[in-house]
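Okay, run34.pdb is below, PDB, C-alpha atoms:
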```pdb
ATOM      1  CA  MET A1121     -52.388  70.881  36.995
ATOM      2  CA  LYS A1122     -52.951  69.199  40.372
ATOM      3  CA  ARG A1123     -54.064  65.610  40.940
ATOM      4  CA  SER A1124     -54.523  63.316  43.926
ATOM      5  CA  LEU A1125     -53.127  59.781  43.774
ATOM      6  CA  LYS A1126     -56.179  58.468  45.641
ATOM      7  CA  ASN A1127     -58.515  59.804  42.923
ATOM      8  CA  ILE A1128     -56.721  58.214  39.966
ATOM      9  CA  LYS A1129     -58.279  54.929  38.858
ATOM     10  CA  ILE A1130     -56.344  51.669  38.787
ATOM     11  CA  GLU A1131     -55.720  50.208  35.329
ATOM     12  CA  VAL A1132     -54.032  47.126  33.943
ATOM     13  CA  SER A1133     -50.885  48.008  32.023
ATOM     14  CA  ALA A1134     -50.304  46.746  28.490
ATOM     15  CA  HIS A1135     -47.086  45.306  29.982
ATOM     16  CA  GLY A1136     -48.870  43.333  32.713
ATOM     17  CA  PRO A1137     -49.010  44.980  36.157
ATOM     18  CA  LEU A1138     -51.575  47.229  37.785
ATOM     19  CA  LEU A1139     -50.854  50.943  37.653
ATOM     20  CA  LYS A1140     -52.201  54.435  38.035
ATOM     21  CA  ARG A1141     -51.564  56.747  35.085
ATOM     22  CA  LEU A1142     -50.367  59.937  36.750
ATOM     23  CA  ILE A1143     -49.788  61.763  33.463
ATOM     24  CA  LYS A1144     -51.115  60.668  30.076
ATOM     25  CA  PRO A1145     -49.893  61.911  26.683
ATOM     26  CA  SER A1146     -53.025  64.012  26.352
ATOM     27  CA  ASP A1147     -52.236  65.804  29.640
ATOM     28  CA  ASN A1148     -49.151  67.653  28.454
ATOM     29  CA  LYS A1149     -47.670  69.493  25.501
ATOM     30  CA  GLY A1150     -44.003  68.690  25.991
ATOM     31  CA  ARG A1151     -41.782  65.647  25.463
ATOM     32  CA  LEU A1152     -43.087  63.755  28.513
ATOM     33  CA  VAL A1153     -45.032  60.768  27.158
ATOM     34  CA  ASN A1154     -46.399  59.506  30.466
ATOM     35  CA  MET A1155     -45.810  59.010  34.177
ATOM     36  CA  ASN A1156     -47.138  55.920  35.960
ATOM     37  CA  TYR A1157     -47.293  54.692  39.553
ATOM     38  CA  VAL A1158     -46.773  50.912  39.384
ATOM     39  CA  TRP A1159     -46.674  48.069  41.891
ATOM     40  CA  LEU A1160     -45.704  44.429  41.507
ATOM     41  CA  LYS A1161     -46.775  41.676  43.910
ATOM     42  CA  LYS A1162     -44.539  38.749  44.908
ATOM     43  CA  ASN A1163     -43.208  36.905  41.824
ATOM     44  CA  GLU A1164     -44.994  39.318  39.487
ATOM     45  CA  LYS A1165     -43.169  40.877  36.547
ATOM     46  CA  THR A1166     -43.791  43.069  33.566
ATOM     47  CA  LEU A1167     -43.853  41.634  30.087
ATOM     48  CA  PRO A1168     -40.649  42.156  28.102
ATOM     49  CA  HIS A1169     -40.976  45.296  26.017
ATOM     50  CA  THR A1170     -39.073  48.015  24.177
ATOM     51  CA  HIS A1171     -39.748  51.679  23.461
ATOM     52  CA  THR A1172     -38.124  52.849  20.233
ATOM     53  CA  ASP A1173     -39.315  56.451  20.469
ATOM     54  CA  SER A1174     -38.465  57.300  24.088
ATOM     55  CA  GLU A1175     -36.322  56.835  27.186
ATOM     56  CA  GLU A1176     -37.929  55.383  30.303
ATOM     57  CA  CYS A1177     -36.846  56.205  33.834
ATOM     58  CA  PHE A1178     -37.753  54.114  36.893
ATOM     59  CA  VAL A1179     -37.730  55.534  40.435
ATOM     60  CA  PHE A1180     -38.079  52.734  43.008
ATOM     61  CA  LEU A1181     -40.125  53.743  46.066
ATOM     62  CA  ASP A1182     -40.417  50.537  48.144
ATOM     63  CA  GLY A1183     -39.436  46.897  48.079
ATOM     64  CA  LYS A1184     -36.680  44.979  46.324
ATOM     65  CA  GLY A1185     -36.566  43.406  42.910
ATOM     66  CA  ALA A1186     -34.673  43.382  39.653
ATOM     67  CA  ILE A1187     -34.813  45.055  36.282
ATOM     68  CA  THR A1188     -33.376  43.255  33.299
ATOM     69  CA  VAL A1189     -32.178  45.543  30.523
ATOM     70  CA  GLY A1190     -31.070  43.590  27.487
ATOM     71  CA  ASN A1191     -29.160  40.643  28.979
ATOM     72  CA  LYS A1192     -28.122  42.451  32.174
ATOM     73  CA  SER A1193     -30.067  41.942  35.424
ATOM     74  CA  ILE A1194     -29.772  44.788  37.930
ATOM     75  CA  GLU A1195     -30.888  44.429  41.573
ATOM     76  CA  VAL A1196     -33.077  47.366  42.649
ATOM     77  CA  LYS A1197     -34.388  48.678  45.959
ATOM     78  CA  LYS A1198     -35.972  51.771  47.490
ATOM     79  CA  GLY A1199     -34.179  54.899  46.299
ATOM     80  CA  ASP A1200     -32.677  53.409  43.126
ATOM     81  CA  ILE A1201     -33.154  55.152  39.784
ATOM     82  CA  ILE A1202     -32.685  53.319  36.479
ATOM     83  CA  THR A1203     -32.791  54.787  32.971
ATOM     84  CA  VAL A1204     -33.604  52.547  30.008
ATOM     85  CA  PHE A1205     -32.578  53.949  26.651
ATOM     86  CA  PRO A1206     -34.569  53.726  23.395
ATOM     87  CA  GLY A1207     -34.532  50.268  21.841
ATOM     88  CA  GLU A1208     -33.463  48.448  25.031
ATOM     89  CA  ASN A1209     -35.684  45.496  25.911
ATOM     90  CA  HIS A1210     -36.565  45.505  29.612
ATOM     91  CA  ILE A1211     -38.483  43.630  32.322
ATOM     92  CA  VAL A1212     -39.091  44.556  35.980
ATOM     93  CA  GLN A1213     -39.739  41.767  38.467
ATOM     94  CA  ASN A1214     -40.443  41.347  42.154
ATOM     95  CA  GLY A1215     -39.080  38.207  43.814
ATOM     96  CA  ASN A1216     -39.815  39.318  47.392
ATOM     97  CA  GLU A1217     -42.735  39.142  49.828
ATOM     98  CA  SER A1218     -43.435  42.879  49.918
ATOM     99  CA  LEU A1219     -44.724  45.036  47.077
ATOM    100  CA  LEU A1220     -42.210  46.518  44.679
ATOM    101  CA  ARG A1221     -43.497  50.048  44.076
ATOM    102  CA  PHE A1222     -42.074  52.468  41.532
ATOM    103  CA  ILE A1223     -42.770  55.480  39.348
ATOM    104  CA  THR A1224     -41.963  55.353  35.643
ATOM    105  CA  PHE A1225     -41.845  58.183  33.180
ATOM    106  CA  ARG A1226     -41.063  58.237  29.483
ATOM    107  CA  THR A1227     -39.733  61.156  27.470
ATOM    108  CA  LEU A1228     -39.760  61.383  23.686
ATOM    109  CA  LEU A1229     -36.552  61.671  21.737
ATOM    110  CA  LYS A1230     -35.877  65.039  20.110
TER     111      LYS A1230
END
```
Please re-express this file's structure in structure tokens.
Amino acid sequence: MKRSLKNIKIEVSAHGPLLKRLIKPSDNKGRLVNMNYVWLKKNEKTLPHTHTDSEECFVFLDGKGAITVGNKSIEVKKGDIITVFPGENHIVQNGNESLLRFITFRTLLK
């Protein structure tokens, strides 16, 4: 299946920020739940949330910010990859002038 990023509509995430849903659950037959292209503006952050049924991986493309997993805040920048395990509460935030852009994908547990 081939898609173009420019042809995917912008949506508002249930967790707050704008995103483009690159892969939806209905698009695949494997353990990949979804893949999203997300961006946060200055001082914007996601709502705190947890996934009990899946792991979530973040690949940071541009900008600088932080991800808080549980009680631990981790500085992130372009090129960083963070994995959040099932049941871990997490928030991503941008405290800088430029956009914080990242890809997320979630995979179901076995």
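Of the residues under consideration (A:Ile1223, A:Thr1172, A:Ser1133, A:Leu1229), A:Ile1223 shows the shortest atom-to-atom contact distance to Met1155 in chain A when counting all atoms listed in the file.
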### Task
Within 10 Å of (-37.9, 40.3, 39.4) (coordinates as in the file), grab all the protein and nucleic acid residues, counting only C-alpha atoms, and write them out as a PyMOL selection string.
chain A and resi 1160+1162-1166+1184-1188+1193-1196+1211-1216+1220
For the selection you just gave me, I'd like the residues written to a file as a PDB file, in the coordinates of the input, keeping C-alpha atoms.
```pdb
ATOM      1  CA  LEU A1160     -45.704  44.429  41.507  1.00  0.00           C
ATOM      2  CA  LYS A1162     -44.539  38.749  44.908  1.00  0.00           C
ATOM      3  CA  ASN A1163     -43.208  36.905  41.824  1.00  0.00           C
ATOM      4  CA  GLU A1164     -44.994  39.318  39.487  1.00  0.00           C
ATOM      5  CA  LYS A1165     -43.169  40.877  36.547  1.00  0.00           C
ATOM      6  CA  THR A1166     -43.791  43.069  33.566  1.00  0.00           C
ATOM      7  CA  LYS A1184     -36.680  44.979  46.324  1.00  0.00           C
ATOM      8  CA  GLY A1185     -36.566  43.406  42.910  1.00  0.00           C
ATOM      9  CA  ALA A1186     -34.673  43.382  39.653  1.00  0.00           C
ATOM     10  CA  ILE A1187     -34.813  45.055  36.282  1.00  0.00           C
ATOM     11  CA  THR A1188     -33.376  43.255  33.299  1.00  0.00           C
ATOM     12  CA  SER A1193     -30.067  41.942  35.424  1.00  0.00           C
ATOM     13  CA  ILE A1194     -29.772  44.788  37.930  1.00  0.00           C
ATOM     14  CA  GLU A1195     -30.888  44.429  41.573  1.00  0.00           C
ATOM     15  CA  VAL A1196     -33.077  47.366  42.649  1.00  0.00           C
ATOM     16  CA  ILE A1211     -38.483  43.630  32.322  1.00  0.00           C
ATOM     17  CA  VAL A1212     -39.091  44.556  35.980  1.00  0.00           C
ATOM     18  CA  GLN A1213     -39.739  41.767  38.467  1.00  0.00           C
ATOM     19  CA  ASN A1214     -40.443  41.347  42.154  1.00  0.00           C
ATOM     20  CA  GLY A1215     -39.080  38.207  43.814  1.00  0.00           C
ATOM     21  CA  ASN A1216     -39.815  39.318  47.392  1.00  0.00           C
ATOM     22  CA  LEU A1220     -42.210  46.518  44.679  1.00  0.00           C
TER      23      LEU A1220
END
```
### Query
Where does the PyMOL selection byres ((chain A and resi 1145) around 12) land in this file, that is, which residues does it pick, as a list of chain:residue names?
A:Arg1141, A:Leu1142, A:Ile1143, A:Lys1144, A:Ser1146, A:Asp1147, A:Asn1148, A:Lys1149, A:Gly1150, A:Arg1151, A:Leu1152, A:Val1153, A:Asn1154, A:Met1155, A:Asn1156, A:Phe1225, A:Arg1226, A:Thr1227, A:Leu1228
### Task
Quick one: pull the distance between CA of Phe1180 in chain A and CA of Ile1128 in chain A, Å, one decimal.
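Atom-to-atom, CA of Phe1180 in chain A to CA of Ile1128 in chain A, that is 19.7 Å.
Take the PyMOL selection byres ((chain A and resi 1138) around 10) and apply it to this file: it picks A:Ile1130, A:Glu1131, A:Val1132, A:Ser1133, A:Ala1134, A:His1135, A:Gly1136, A:Pro1137, A:Leu1139, A:Lys1140, A:Arg1141, A:Asn1156, A:Tyr1157, A:Val1158, A:Trp1159, A:Leu1160, A:Lys1161, A:Thr1166.
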